[in-house]
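Chemist: So I've got this file, run-v4.cif, and it contains mmCIF, C-alpha atoms and all ligand atoms:
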data_data
loop_
_atom_site.label_atom_id
_atom_site.label_comp_id
_atom_site.auth_asym_id
_atom_site.auth_seq_id
_atom_site.Cartn_x
_atom_site.Cartn_y
_atom_site.Cartn_z
CA MET W 1 91.15 111.87 134.11
CA LYS W 2 91.81 109.08 131.58
CA THR W 3 95.42 108.73 130.48
CA MET W 4 97.30 107.16 127.58
CA LYS W 5 100.88 106.13 126.89
CA ALA W 6 102.84 108.73 124.92
CA VAL W 7 106.37 109.96 124.19
CA LEU W 8 106.94 113.55 125.35
CA LEU W 9 109.95 115.60 124.28
CA SER W 10 111.06 118.92 125.79
CA LYS W 11 114.71 119.01 124.83
CA LYS W 12 117.28 117.35 122.57
CA THR W 13 116.87 113.62 123.23
CA ASP W 14 118.94 110.64 122.12
CA ALA W 15 116.87 107.74 120.81
CA LYS W 16 118.03 105.48 123.66
CA ASP W 17 116.62 107.96 126.21
CA ILE W 18 113.06 107.95 124.80
CA VAL W 19 110.50 106.71 127.34
CA LEU W 20 106.75 106.20 127.41
CA SER W 21 104.91 108.42 129.92
CA GLU W 22 101.29 108.62 131.07
CA TYR W 23 99.57 111.67 129.55
CA PRO W 24 95.91 112.80 129.53
CA ILE W 25 93.82 111.56 126.61
CA PRO W 26 92.87 114.79 124.79
CA THR W 27 89.25 115.97 124.70
CA VAL W 28 87.78 117.12 121.41
CA LYS W 29 87.05 120.69 120.41
CA PRO W 30 85.14 122.04 117.39
CA GLY W 31 86.76 121.07 114.09
CA TRP W 32 89.17 118.62 115.76
CA VAL W 33 88.65 114.84 116.02
CA LEU W 34 90.09 112.29 118.44
CA VAL W 35 91.74 109.30 116.77
CA ARG W 36 92.60 106.00 118.43
CA ILE W 37 96.00 105.22 116.91
CA HIS W 38 96.53 101.62 115.80
CA ALA W 39 99.96 102.05 114.19
CA PHE W 40 102.33 104.73 112.92
CA GLY W 41 105.44 105.05 110.78
CA LEU W 42 108.73 106.67 111.78
CA ASN W 43 110.32 109.38 109.67
CA HIS W 44 113.74 110.92 109.18
CA SER W 45 112.26 114.31 110.10
CA GLU W 46 111.51 113.02 113.62
CA GLN W 47 115.22 112.29 114.03
CA ILE W 48 115.90 115.91 113.00
CA LEU W 49 113.30 117.08 115.58
CA ARG W 50 114.91 115.06 118.39
CA ASN W 51 118.47 116.07 117.48
CA SER W 52 118.09 119.82 116.89
CA GLU W 53 114.76 121.24 115.73
CA ILE W 54 113.25 120.71 119.22
CA ASN W 55 115.07 123.89 120.31
CA VAL W 56 113.38 126.25 117.85
CA PRO W 57 110.51 128.46 119.15
CA TYR W 58 107.78 127.15 116.80
CA ILE W 59 107.95 123.67 118.40
CA ARG W 60 105.34 123.39 121.16
CA LYS W 61 106.96 121.89 124.28
CA PRO W 62 106.55 119.34 125.63
CA ILE W 63 105.61 117.85 122.28
CA ILE W 64 104.42 114.36 121.37
CA PRO W 65 106.45 113.80 118.16
CA GLY W 66 105.39 111.96 115.02
CA ILE W 67 103.97 113.23 111.75
CA GLU W 68 101.62 110.44 110.66
CA TYR W 69 99.43 107.60 111.93
CA VAL W 70 96.59 105.25 111.06
CA GLY W 71 93.67 104.44 113.32
CA GLU W 72 89.97 104.88 113.91
CA ILE W 73 87.85 107.84 114.92
CA ALA W 74 87.30 107.67 118.69
CA ASP W 75 85.33 110.95 118.92
CA ALA W 76 84.16 112.73 115.77
CA SER W 77 83.31 115.99 117.59
CA ASP W 78 81.21 118.24 115.31
CA THR W 79 82.66 116.83 112.05
CA THR W 80 81.17 114.52 109.42
CA PHE W 81 83.40 111.61 110.51
CA SER W 82 81.80 108.78 112.46
CA THR W 83 83.04 106.79 115.42
CA GLY W 84 85.04 103.73 114.35
CA GLN W 85 85.79 105.10 110.86
CA LYS W 86 89.18 103.96 109.50
CA VAL W 87 91.46 106.95 108.87
CA VAL W 88 95.00 108.03 108.09
CA ALA W 89 96.46 111.35 109.23
CA LEU W 90 99.62 113.23 108.38
CA MET W 91 101.46 116.53 108.59
CA GLY W 92 99.88 119.99 108.86
CA GLY W 93 101.93 120.82 111.95
CA MET W 94 101.46 117.41 113.60
CA GLY W 95 104.28 116.56 116.00
CA ARG W 96 105.50 120.15 115.88
CA SER W 97 102.76 122.73 116.59
CA PHE W 98 100.28 120.18 117.93
CA HIS W 99 100.78 116.71 119.40
CA GLY W 100 101.68 113.90 117.03
CA SER W 101 101.63 110.15 116.65
CA TYR W 102 103.88 108.65 119.36
CA ALA W 103 100.78 108.04 121.51
CA GLU W 104 97.70 105.87 121.89
CA TYR W 105 95.33 108.73 120.97
CA ALA W 106 95.70 111.98 119.05
CA LEU W 107 93.64 115.12 118.61
CA ILE W 108 93.86 116.54 115.10
CA PRO W 109 92.14 119.13 112.87
CA ALA W 110 89.57 117.25 110.79
CA HIS W 111 91.01 118.62 107.53
CA HIS W 112 94.23 116.63 108.11
CA VAL W 113 92.39 113.31 108.59
CA PHE W 114 91.49 111.17 105.58
CA SER W 115 89.15 108.23 105.35
CA VAL W 116 90.40 104.96 103.83
CA SER W 117 88.63 101.76 102.92
CA SER W 118 91.76 99.71 102.21
CA ALA W 119 91.93 96.02 103.16
CA LEU W 120 95.58 96.40 104.25
CA SER W 121 96.35 95.54 107.90
CA TRP W 122 96.98 98.44 110.30
CA GLU W 123 100.68 97.63 110.13
CA GLN W 124 100.75 97.75 106.31
CA LEU W 125 98.55 100.84 106.28
CA ALA W 126 100.97 102.63 108.61
CA ALA W 127 103.73 102.45 106.00
CA VAL W 128 101.67 104.55 103.58
CA PRO W 129 100.55 108.07 104.63
CA GLU W 130 103.64 110.30 104.73
CA THR W 131 105.96 108.13 102.67
CA TYR W 132 103.60 107.32 99.79
CA PHE W 133 102.05 110.80 99.79
CA THR W 134 105.55 112.26 99.38
CA ALA W 135 106.52 109.67 96.78
CA TRP W 136 103.30 110.31 94.85
CA GLY W 137 103.60 114.10 94.94
CA SER W 138 107.27 114.08 94.01
CA LEU W 139 106.78 111.66 91.11
CA PHE W 140 103.51 112.85 89.60
CA GLU W 141 102.81 116.42 90.75
CA CYS W 142 106.42 117.54 90.45
CA LEU W 143 108.24 115.23 88.03
CA HIS W 144 105.24 114.43 85.78
CA LEU W 145 106.56 110.87 85.66
CA GLU W 146 105.61 108.75 82.66
CA ASN W 147 106.37 105.17 81.73
CA ASN W 148 108.99 106.16 79.13
CA ASP W 149 111.03 108.13 81.66
CA LYS W 150 114.48 107.14 82.90
CA LEU W 151 114.32 108.07 86.59
CA LEU W 152 117.31 108.68 88.85
CA ILE W 153 116.62 108.25 92.58
CA ARG W 154 119.50 109.77 94.51
CA GLY W 155 119.50 108.26 98.02
CA GLY W 156 117.41 105.16 97.35
CA THR W 157 117.88 103.37 100.68
CA CYS W 158 115.41 105.38 102.77
CA ALA W 159 111.77 104.46 103.32
CA LEU W 160 110.79 107.09 100.77
CA GLY W 161 113.29 105.68 98.27
CA TYR W 162 111.84 102.16 98.51
CA ALA W 163 108.29 103.50 98.01
CA VAL W 164 109.40 105.54 94.99
CA ILE W 165 111.14 102.48 93.52
CA GLN W 166 107.97 100.43 93.98
CA ILE W 167 105.74 103.04 92.30
CA ALA W 168 108.15 103.94 89.48
CA THR W 169 108.90 100.31 88.54
CA THR W 170 105.17 99.58 88.59
CA VAL W 171 104.56 102.52 86.23
CA GLY W 172 107.17 100.93 83.93
CA CYS W 173 109.99 103.48 84.08
CA GLU W 174 113.64 102.61 83.83
CA VAL W 175 114.99 103.24 87.35
CA ILE W 176 118.52 104.09 88.47
CA ALA W 177 118.96 104.28 92.25
CA THR W 178 121.98 105.22 94.34
CA THR W 179 123.25 104.36 97.79
CA HIS W 180 126.26 105.69 99.67
CA LYS W 181 126.99 102.20 101.06
CA GLU W 182 128.41 99.34 99.00
CA SER W 183 126.63 96.85 101.30
CA LYS W 184 123.24 98.15 100.10
CA LEU W 185 123.79 97.72 96.34
CA LEU W 186 122.34 94.20 96.21
CA LEU W 187 119.39 95.22 98.36
CA LEU W 188 118.41 97.94 95.87
CA LYS W 189 118.86 95.55 92.96
CA GLY W 190 116.51 93.12 94.72
CA CYS W 191 113.81 95.80 94.72
CA GLY W 192 113.60 95.73 90.94
CA VAL W 193 115.89 98.70 90.22
CA ASP W 194 117.40 98.49 86.73
CA THR W 195 120.75 100.04 87.65
CA VAL W 196 122.25 100.60 91.10
CA LEU W 197 125.14 102.96 91.69
CA LEU W 198 127.45 103.64 94.59
CA ASP W 199 127.26 107.41 95.17
CA ASP W 200 130.57 109.05 96.06
CA GLY W 201 129.10 112.53 95.53
CA THR W 202 129.74 112.70 91.79
CA LEU W 203 127.38 111.09 89.29
CA VAL W 204 127.99 113.42 86.34
CA GLY W 205 129.72 111.45 83.60
CA LYS W 206 128.62 108.12 85.13
CA VAL W 207 124.95 108.20 84.01
CA SER W 208 123.25 109.09 80.75
CA GLY W 209 119.76 109.51 79.33
CA ILE W 210 118.21 110.60 82.66
CA THR W 211 114.93 112.44 82.02
CA LYS W 212 113.73 112.82 85.64
CA ALA W 213 115.61 112.83 88.95
CA LEU W 214 114.43 112.66 92.54
CA GLU W 215 116.99 114.23 94.86
CA LEU W 216 116.77 112.68 98.33
CA VAL W 217 120.35 113.33 99.48
CA GLY W 218 119.49 116.99 99.04
CA ALA W 219 121.39 120.22 98.67
CA LYS W 220 124.69 118.43 99.18
CA THR W 221 124.45 116.73 95.77
CA LEU W 222 121.81 118.86 94.00
CA HIS W 223 124.20 120.67 91.69
CA ASP W 224 125.74 117.39 90.52
CA THR W 225 122.26 115.93 89.94
CA LEU W 226 121.27 118.95 87.83
CA LEU W 227 124.28 118.24 85.61
CA CYS W 228 123.18 114.61 85.04
CA ILE W 229 119.85 115.40 83.35
CA GLU W 230 118.95 115.46 79.67
CA LYS W 231 117.64 118.72 78.20
CA ASN W 232 113.98 119.35 79.18
CA GLY W 233 114.43 117.00 82.14
CA ILE W 234 113.17 117.74 85.66
CA VAL W 235 114.86 117.46 89.06
CA CYS W 236 112.66 117.31 92.16
CA HIS W 237 114.34 118.19 95.46
CA THR W 238 112.50 116.32 98.22
CA GLY W 239 115.02 114.90 100.71
CA VAL W 240 117.79 116.17 102.96
CA LEU W 241 119.58 112.92 103.84
CA GLY W 242 122.96 114.58 103.25
CA GLY W 243 122.35 116.95 106.17
CA VAL W 244 122.67 120.13 104.07
CA TYR W 245 119.40 122.09 104.09
CA ALA W 246 120.10 125.22 102.03
CA LEU W 247 122.65 126.51 99.56
CA ASN W 248 123.53 130.10 100.33
CA THR W 249 125.80 130.43 97.32
CA PHE W 250 123.34 128.84 94.89
CA ASP W 251 123.31 130.87 91.67
CA PRO W 252 120.24 129.83 89.64
CA ILE W 253 121.55 131.39 86.41
CA LYS W 254 124.78 129.43 86.46
CA ASP W 255 123.83 126.39 88.55
CA ILE W 256 120.64 125.30 86.75
CA PRO W 257 121.68 124.22 83.25
CA ASN W 258 119.72 125.72 80.34
CA GLY W 259 116.51 123.83 79.66
CA ILE W 260 116.61 121.81 82.93
CA TYR W 261 113.73 122.29 85.37
CA LEU W 262 114.14 122.34 89.16
CA THR W 263 111.20 121.81 91.51
CA GLY W 264 110.68 120.76 95.13
CA PHE W 265 108.04 118.84 97.02
CA PHE W 266 106.74 119.54 100.54
CA SER W 267 104.23 117.09 102.03
CA ASN W 268 102.46 119.57 104.28
CA THR W 269 99.17 119.79 102.37
CA PRO W 270 97.75 116.30 101.81
CA THR W 271 94.28 115.98 100.27
CA GLN W 272 91.62 113.25 100.29
CA ALA W 273 91.82 113.12 96.47
CA VAL W 274 95.53 112.24 96.45
CA ILE W 275 95.14 109.77 99.33
CA ASN W 276 92.40 108.07 97.27
CA HIS W 277 94.66 107.95 94.18
CA ILE W 278 97.43 106.29 96.21
CA PHE W 279 95.21 103.58 97.68
CA ASP W 280 93.52 102.98 94.32
CA PHE W 281 96.97 102.55 92.74
CA LEU W 282 98.17 100.12 95.45
CA ASP W 283 94.93 98.18 95.20
CA HIS W 284 94.84 98.11 91.39
CA HIS W 285 98.42 96.78 91.19
CA ASN W 286 98.11 94.46 94.21
CA LEU W 287 101.01 96.25 95.92
CA ILE W 288 101.85 95.74 99.59
CA PRO W 289 103.63 98.80 101.05
CA TYR W 290 107.30 98.11 101.65
CA ILE W 291 108.04 97.73 105.40
CA GLY W 292 111.60 97.53 106.75
CA LYS W 293 110.83 96.49 110.33
CA THR W 294 107.92 96.49 112.79
CA PHE W 295 108.19 97.21 116.52
CA ASP W 296 105.71 97.23 119.40
CA PHE W 297 105.03 100.65 120.96
CA SER W 298 106.89 99.53 124.11
CA GLU W 299 110.03 99.22 121.92
CA ILE W 300 109.87 102.81 120.62
CA ALA W 301 113.37 103.73 121.89
CA LYS W 302 114.92 100.70 120.15
CA ALA W 303 112.97 101.49 116.96
CA CYS W 304 114.29 105.07 116.90
CA GLU W 305 117.83 103.87 117.66
CA ASP W 306 117.70 101.38 114.78
CA MET W 307 116.37 104.08 112.44
CA ASP W 308 119.09 106.53 113.50
CA ASN W 309 121.77 103.87 112.96
CA GLY W 310 120.53 102.97 109.48
CA LYS W 311 119.70 99.41 110.62
CA VAL W 312 116.23 99.38 109.03
CA ASN W 313 115.94 98.98 105.28
CA GLY W 314 112.63 100.65 104.52
CA LYS W 315 109.80 101.97 106.61
CA THR W 316 109.87 101.49 110.37
CA VAL W 317 106.36 100.77 111.64
CA ILE W 318 105.21 100.93 115.27
CA LYS W 319 102.22 98.81 116.33
CA VAL W 320 100.28 100.61 119.04
CA THR W 321 97.46 98.09 119.43
CA GLU W 322 97.41 94.31 119.17
CA GLN W 323 94.56 94.45 116.64
CA GLN W 324 96.52 94.25 113.36
N1 LIG Z 1 109.92 117.12 101.31
C1 LIG Z 1 109.10 116.44 102.10
O1 LIG Z 1 107.95 116.83 102.35
C2 LIG Z 1 109.58 115.14 102.68
C3 LIG Z 1 108.66 114.18 103.14
C4 LIG Z 1 109.15 112.96 103.62
C5 LIG Z 1 110.53 112.75 103.67
N2 LIG Z 1 111.38 113.73 103.25
C6 LIG Z 1 112.82 113.54 103.30
O2 LIG Z 1 113.14 112.40 102.52
C7 LIG Z 1 114.28 111.77 103.08
C8 LIG Z 1 113.93 110.32 103.40
O3 LIG Z 1 113.02 110.31 104.48
P1 LIG Z 1 112.64 108.93 105.17
O4 LIG Z 1 111.78 109.28 106.34
O5 LIG Z 1 112.15 108.00 104.16
O6 LIG Z 1 114.07 108.47 105.70
P2 LIG Z 1 114.46 107.16 106.53
O7 LIG Z 1 113.59 106.03 106.17
O8 LIG Z 1 114.62 107.52 107.96
O9 LIG Z 1 115.88 106.83 105.86
C9 LIG Z 1 117.05 107.15 106.39
C10 LIG Z 1 118.08 106.28 105.63
O10 LIG Z 1 118.61 107.00 104.54
C11 LIG Z 1 119.94 106.58 104.33
N3 LIG Z 1 120.87 107.70 104.27
C12 LIG Z 1 121.30 108.45 105.28
N4 LIG Z 1 122.17 109.38 104.87
C13 LIG Z 1 122.30 109.20 103.58
C14 LIG Z 1 123.08 109.85 102.60
N5 LIG Z 1 123.90 110.86 102.87
N6 LIG Z 1 122.98 109.43 101.37
C15 LIG Z 1 122.16 108.42 101.06
N7 LIG Z 1 121.39 107.77 101.96
C16 LIG Z 1 121.48 108.15 103.21
C17 LIG Z 1 120.36 105.77 105.52
O11 LIG Z 1 120.46 104.43 105.16
P3 LIG Z 1 121.91 103.88 104.71
O12 LIG Z 1 122.94 104.80 105.27
O13 LIG Z 1 121.94 102.54 105.33
O14 LIG Z 1 121.85 103.87 103.24
C18 LIG Z 1 119.22 105.95 106.50
O15 LIG Z 1 118.96 104.79 107.22
C19 LIG Z 1 114.66 112.57 104.32
O16 LIG Z 1 115.65 113.49 104.00
C20 LIG Z 1 113.37 113.27 104.68
O17 LIG Z 1 113.60 114.45 105.42
C21 LIG Z 1 110.92 114.90 102.77
#
Using structure tokens, write down the structure from this file.
Ligand SMILES: NC(=O)c1ccc[n+]([C@@H]2O[C@H](COP(=O)([O-])OP(=O)(O)OC[C@H]3O[C@@H](n4cnc5c(N)ncnc54)[C@H](OP(=O)(O)O)[C@@H]3O)[C@@H](O)[C@H]2O)c1
Modeler:
Amino acid sequence: MKTMKAVLLSKKTDAKDIVLSEYPIPTVKPGWVLVRIHAFGLNHSEQILRNSEINVPYIRKPIIPGIEYVGEIADASDTTFSTGQKVVALMGGMGRSFHGSYAEYALIPAHHVFSVSSALSWEQLAAVPETYFTAWGSLFECLHLENNDKLLIRGGTCALGYAVIQIATTVGCEVIATTHKESKLLLLKGCGVDTVLLDDGTLVGKVSGITKALELVGAKTLHDTLLCIEKNGIVCHTGVLGGVYALNTFDPIKDIPNGIYLTGFFSNTPTQAVINHIFDFLDHHNLIPYIGKTFDFSEIAKACEDMDNGKVNGKTVIKVTEQQ
């Protein structure tokens, strides 16, 4: 039996305790393709999986974590893909109900694999799927972002925040971004943000003219964000960086101001059409996806530790193969 290197989790695991194990390379089945992974990005949700979600019944155990990767088709099974085709894959239960990206190969339902013809390197490509798909959906599907908008990004110093800043400034919006750390103010300013703010939990009264807001801190600050928006403005709730996942006392009648619209984005249903839009946009504007730090697969524990400790400013990318 041929094996591959992979991370396997069965219980709550600290980043420093992550190890690479030998695990059988999966064999294809109808409707599922085998992908040789060249690189993958890390995500905040994988930290949540390691720290707590691993205990819930819907997580298959042991599970290879990771919700996105880029690579090439190693076995197309009965699908229309062809061997060697360049693809990106994300979500749809990956890293939770079926094995994910912290591996050299992955078996995945063909409808969650998308072809790409981008000239970006594997490393650059790996910064895109989950982060840019979420940025794109939040900004355009949910917030209907336009170039005359004044956009508030609450929690700008995550990988998603940097991608949103890149897209929104390219579109031509005025961008206000927040961080909860004074040391990160200059970093955000350097990304082309018009106004950076230190977020102490209260922004109401400190900002004006906001037409759209992307809430990445989450439920912890949502009510305050709703109070910062101009009439007819939209708030999109996408992140949970503040560690609060639901508001049991939320009263929509009183808590959503009149004429303000609240929406949320969930990245679980990517489509080839949206993936194409994203790569066309990056290509058209000559944009290189924003990468915080790159690690080799052998350094996966260190990469997760650095992500957990907020040491990486932007997307953490793991190179699985040398061919970049
Ligand atoms: N809805 C969806 O489908 C979807 C999809 C993708 C991501 N998300 C969510 O979007 C958020 C960002 O994800 P990501 O993978 O891009 O994260 P990430 O790159 O892992 O970013 C984490 C960084 O956010 C910053 N941060 C932590 N707590 C914060 C707080 N209370 N306030 C402000 N910033 C804080 C920290 O940097 P500093 O402390 O150094 O500032 C930390 O290093 C997460 O909540 C994730 O779950 C949602």
Chemist: Taking only residues of chain W that have an atom at most 7 Å from an atom of ligand LIG 1 (chain Z), what is each one's shortest atom pair and its distance in Å to one decimal, using all atoms listed in the file, in chain and number order, as a Markdown table?
Modeler:
| residue | atom | partner | partner_atom | distance |
| --- | --- | --- | --- | --- |
| W:Leu42 | CA | Z:LIG1 | O4 | 6.8 |
| W:Asn43 | CA | Z:LIG1 | O4 | 3.6 |
| W:His44 | CA | Z:LIG1 | O8 | 3.7 |
| W:Ser45 | CA | Z:LIG1 | O17 | 4.9 |
| W:Glu130 | CA | Z:LIG1 | C4 | 6.2 |
| W:Thr131 | CA | Z:LIG1 | C4 | 5.9 |
| W:Thr134 | CA | Z:LIG1 | C3 | 5.2 |
| W:Gly155 | CA | Z:LIG1 | C15 | 4.0 |
| W:Gly156 | CA | Z:LIG1 | N7 | 6.6 |
| W:Thr157 | CA | Z:LIG1 | O14 | 4.8 |
| W:Cys158 | CA | Z:LIG1 | O9 | 3.4 |
| W:Ala159 | CA | Z:LIG1 | O5 | 3.7 |
| W:Leu160 | CA | Z:LIG1 | O5 | 3.8 |
| W:Gly161 | CA | Z:LIG1 | O5 | 6.4 |
| W:Thr179 | CA | Z:LIG1 | C15 | 5.3 |
| W:His180 | CA | Z:LIG1 | C15 | 5.1 |
| W:Lys181 | CA | Z:LIG1 | O14 | 5.8 |
| W:Lys184 | CA | Z:LIG1 | O14 | 6.7 |
| W:Leu216 | CA | Z:LIG1 | C7 | 5.4 |
| W:Val217 | CA | Z:LIG1 | N6 | 5.1 |
| W:Thr238 | CA | Z:LIG1 | N1 | 4.1 |
| W:Gly239 | CA | Z:LIG1 | O2 | 3.6 |
| W:Val240 | CA | Z:LIG1 | O16 | 3.6 |
| W:Leu241 | CA | Z:LIG1 | O16 | 4.0 |
| W:Gly242 | CA | Z:LIG1 | N5 | 3.9 |
| W:Phe265 | CA | Z:LIG1 | N1 | 5.0 |
| W:Phe266 | CA | Z:LIG1 | O1 | 3.5 |
| W:Ser267 | CA | Z:LIG1 | O1 | 3.7 |
| W:Asn268 | CA | Z:LIG1 | O1 | 6.4 |
| W:Met307 | CA | Z:LIG1 | O15 | 5.9 |
| W:Asp308 | CA | Z:LIG1 | O15 | 6.5 |
| W:Asn309 | CA | Z:LIG1 | O15 | 6.5 |
| W:Gly310 | CA | Z:LIG1 | O15 | 3.3 |
| W:Lys311 | CA | Z:LIG1 | O15 | 6.4 |
| W:Val312 | CA | Z:LIG1 | O15 | 6.3 |
| W:Asn313 | CA | Z:LIG1 | O15 | 6.8 |
| W:Gly314 | CA | Z:LIG1 | O7 | 5.7 |
| W:Lys315 | CA | Z:LIG1 | O7 | 5.6 |
Chemist: Per residue of range 86-187 of chain W within 9 Å of range 291-295 of chain W, which atom pair is closest and at what distance in Å (one decimal), using only C-alpha atoms, listed by chain and increasing number, as CSV?
Modeler:
residue,atom,partner,partner_atom,distance
W:Glu123,CA,W:Thr294,CA,7.8
W:Gln124,CA,W:Ile291,CA,7.3
W:Ala127,CA,W:Ile291,CA,6.4
W:Ala159,CA,W:Gly292,CA,7.7
Chemist: Any idea what the distance is between CA of Phe114 in chain W and CA of Val128 in chain W?
Modeler: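 CA of Val128 in chain W lies 12.3 Å from CA of Phe114 in chain W.
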Chemist: Go through W:Gly233, W:Gly84, W:Pro129, W:Gly100 and flag the residue nearest Lys150 in chain W, using all atoms listed in the file for the distances.
Modeler: W:Gly233
Chemist: If you count all atoms listed in the file, which residues fall within 9 Å of Ile64 in chain W, apart from same-chain ones fewer than 4 positions away, as a list in words?
Modeler: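 The residues satisfying every condition are Ala6, Val7, Leu8, Leu9, Met94, Gly95, Arg96, Phe98, His99, Gly100, Ser101, Tyr102 and Ala103 of chain W.
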Chemist: Report, in Å to a single decimal, how far apart CA of Thr316 in chain W and CA of Asp14 in chain W are.
Modeler: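 Value for the CA of Asp14 in chain W-CA of Thr316 in chain W distance: 17.4 Å.
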Chemist: Can you tell me which residues surround Asp296 in chain W at a distance of at most 8 Å, considering all atoms listed in the file, apart from same-chain residues fewer than 5 positions away, and format the answer as a VMD selection string?
Modeler: chain W and resid 318 to 320
Chemist: Tell me which protein, DNA and RNA residues are within 7 Å of Ala213 in chain W, counting only C-alpha atoms, leaving out same-chain ones fewer than 2 positions away, and put them as a count of residues only.
Modeler: 8
Chemist: State, in Å with one decimal place, the distance from CA of Val28 in chain W to CA of Ser77 in chain W.
Modeler: 6.0 Å
Chemist: For Gln166 in chain W, which residue among W:His237, W:Lys5, W:His277, W:His285 is the nearest when counting only C-alpha atoms?
Modeler: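 Of W:His237, W:Lys5, W:His277, W:His285, the one nearest Gln166 in chain W, counting only C-alpha atoms, is W:His285.
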Chemist: I'd like the contact shell of Ile260 in chain W - 12 Å cut-off, all atoms listed in the file, skipping same-chain residues fewer than 6 positions apart - returned as a ChimeraX atom specification.
Modeler: /W:143,210-213,223,225-236,252-254
Chemist: Hey, which of W:Thr221, W:Ser121, W:Thr13, W:Thr83 ends up closest to Gly243 in chain W? Count only C-alpha atoms.
Modeler: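 Smallest separation from Gly243 in chain W among the options: W:Thr221.
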